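Take a look at the structure set out below.
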Amino acid sequence: MNGTKIELNRYLVFIKLIFNFVDFFSRKVNQADQYQIAFSGLNAGTHTFDFQIGKTFFEQVKDAEITGGEVTVIVTMEKEERMMDLHLAIRGKVEVPCDRCNEMMDVDIEGNERLIIKLGDHYYEESEDVQVIPDTSHQFDLSPFLYEYIHLLLPIRRVHPEDEDGESQCDPEVIKKLRELSERHVQDPRWEALNQLKKKKE
């Protein structure tokens, strides 16, 4: 009796593992398919796609500069017989580290991009905005391009803005430390001597 019970428990554990694996695998597949444009079977003309990009999207890239966000991408595609002309309208906000205090901050992004997909013999990049894919393909993965376009919309300098009183919203402890280092730098006589040498050379 005990042997039968043990075997039954093992069987139930095995079944649970299978369901967990299936769930994990299906989530991975869904994530991979989430940013695909399935063009096979579509009639020639205009087609619109709506992509919602969140934290999970950015987590797929190891050591990514962007750690999260909420971005909407509206893709308007003009489909021809052997070419697709994609116009992407990108808008939202992303989470990046502040250049001054390294704490996370939200940055608004907005912009438009264009990507042309042609059907050919094999995969290759004709130019920065033109990609060629095999004519046997039935869908196209936009995810690497979305990732690149979003990064290109980031400002060169990312720093916490000032509040209504003109005070920085950076981490106060980090700002305090930076000020201390700055004052110590000014007070060091070696820096003053170096500055004097520079002035003489000028």
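In the structure tokens, chains take the letters A, B, ... in the order shown, each chain's residues start at 1, and ligands count up from 1 in the order shown.
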
| task | Give me the residues within 9 Å of Asp99 in chain A as a PyMOL selection string, counting only C-alpha atoms and dropping any in the same chain fewer than 2 places off. | result | chain A and resi 97+101-103+157-160

Using C-alpha atoms, can you export the residues from the last selection as a short mmCIF file (atom, residue, chain, number, x, y, z; two decimals), in the first residue's frame?
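Contents of again-v1.cif, as written:
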data_model
loop_
_atom_site.label_atom_id
_atom_site.label_comp_id
_atom_site.auth_asym_id
_atom_site.auth_seq_id
_atom_site.Cartn_x
_atom_site.Cartn_y
_atom_site.Cartn_z
CA PRO A 97 20.31 55.40 -14.36
CA CYS A 101 23.77 60.07 -8.93
CA ASN A 102 23.27 56.70 -10.69
CA GLU A 103 19.79 56.30 -9.19
CA ARG A 157 22.60 63.55 -20.90
CA ARG A 158 20.23 61.91 -18.43
CA VAL A 159 20.00 63.75 -15.10
CA HIS A 160 17.22 64.08 -12.56
#

| Looking only at the backbone, which of the residues in range 12-180 of chain A does DSSP tag as helix (DSSP H, G or I), as a ChimeraX atom specification? | /A:12-33,55-59,143-152,172-180

| field | Pick from A:Gly54, A:Gly166, A:Gly92, A:Gly45, whichever lies nearest to Thr76 in chain A using only C-alpha atoms | value |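 Comparing A:Gly54, A:Gly166, A:Gly92, A:Gly45 against Thr76 in chain A, the winner is A:Gly45.
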
| task | Identify which of the residues A:Lys62, A:His138, A:Arg82, A:His151 lies closest to Ile109 in chain A, counting only C-alpha atoms when measuring atom-to-atom distances. | result |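 Closest candidate: A:His151.
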
| query | From the set A:Met105, A:Leu119, A:Cys98, A:Ala64, which residue has the shortest atom-to-atom contact distance to Asp85 in chain A, counting only C-alpha atoms? | reply |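 Among A:Met105, A:Leu119, A:Cys98, A:Ala64, it is A:Leu119 that comes nearest to Asp85 in chain A.
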
| Selection: 7 Å around Leu115 in chain A, only C-alpha atoms, excl. self and same-chain fewer than 6 positions, as a PyMOL selection string | chain A and resi 85-87+129-130

| Distance CA of Glu164 in chain A-CA of Gly68 in chain A, one decimal place? | 26.3 Å

| message | What's the separation between CA of Glu162 in chain A and CA of Thr72 in chain A, in Å to one decimal place? | response | 26.9 Å

| request: List the neighbours of Thr46 in chain A out to 10 Å using only C-alpha atoms; skip same-chain residues closer than 2 positions along the sequence, and give me the result as number ranges by chain. | output: A: 42-44, 48, 76-80, 84-86

| said: Env of Glu110 in chain A: 8 Å cut, atoms = only C-alpha atoms, seq-sep filter 3 positions within chain, self excluded. Answer as JSON, numbers by chain. | reply: {"A": [89, 90, 91, 92, 153]}

| Computed interatomic separation between CA of Val71 in chain A and CA of Ile53 in chain A (Å) | 5.0 Å

| DSSP strand (DSSP E or B) residues within range 44-195 of chain A, listed as a ChimeraX atom specification | /A:45-53,68-79,83-97,104-120,124-127,130-134,139-141,162,168

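If you measure from each of A:Ile37, A:Val174, A:Ile66, A:Ile74 to Val107 in chain A using only C-alpha atoms, the closest one turns out to be A:Ile66.
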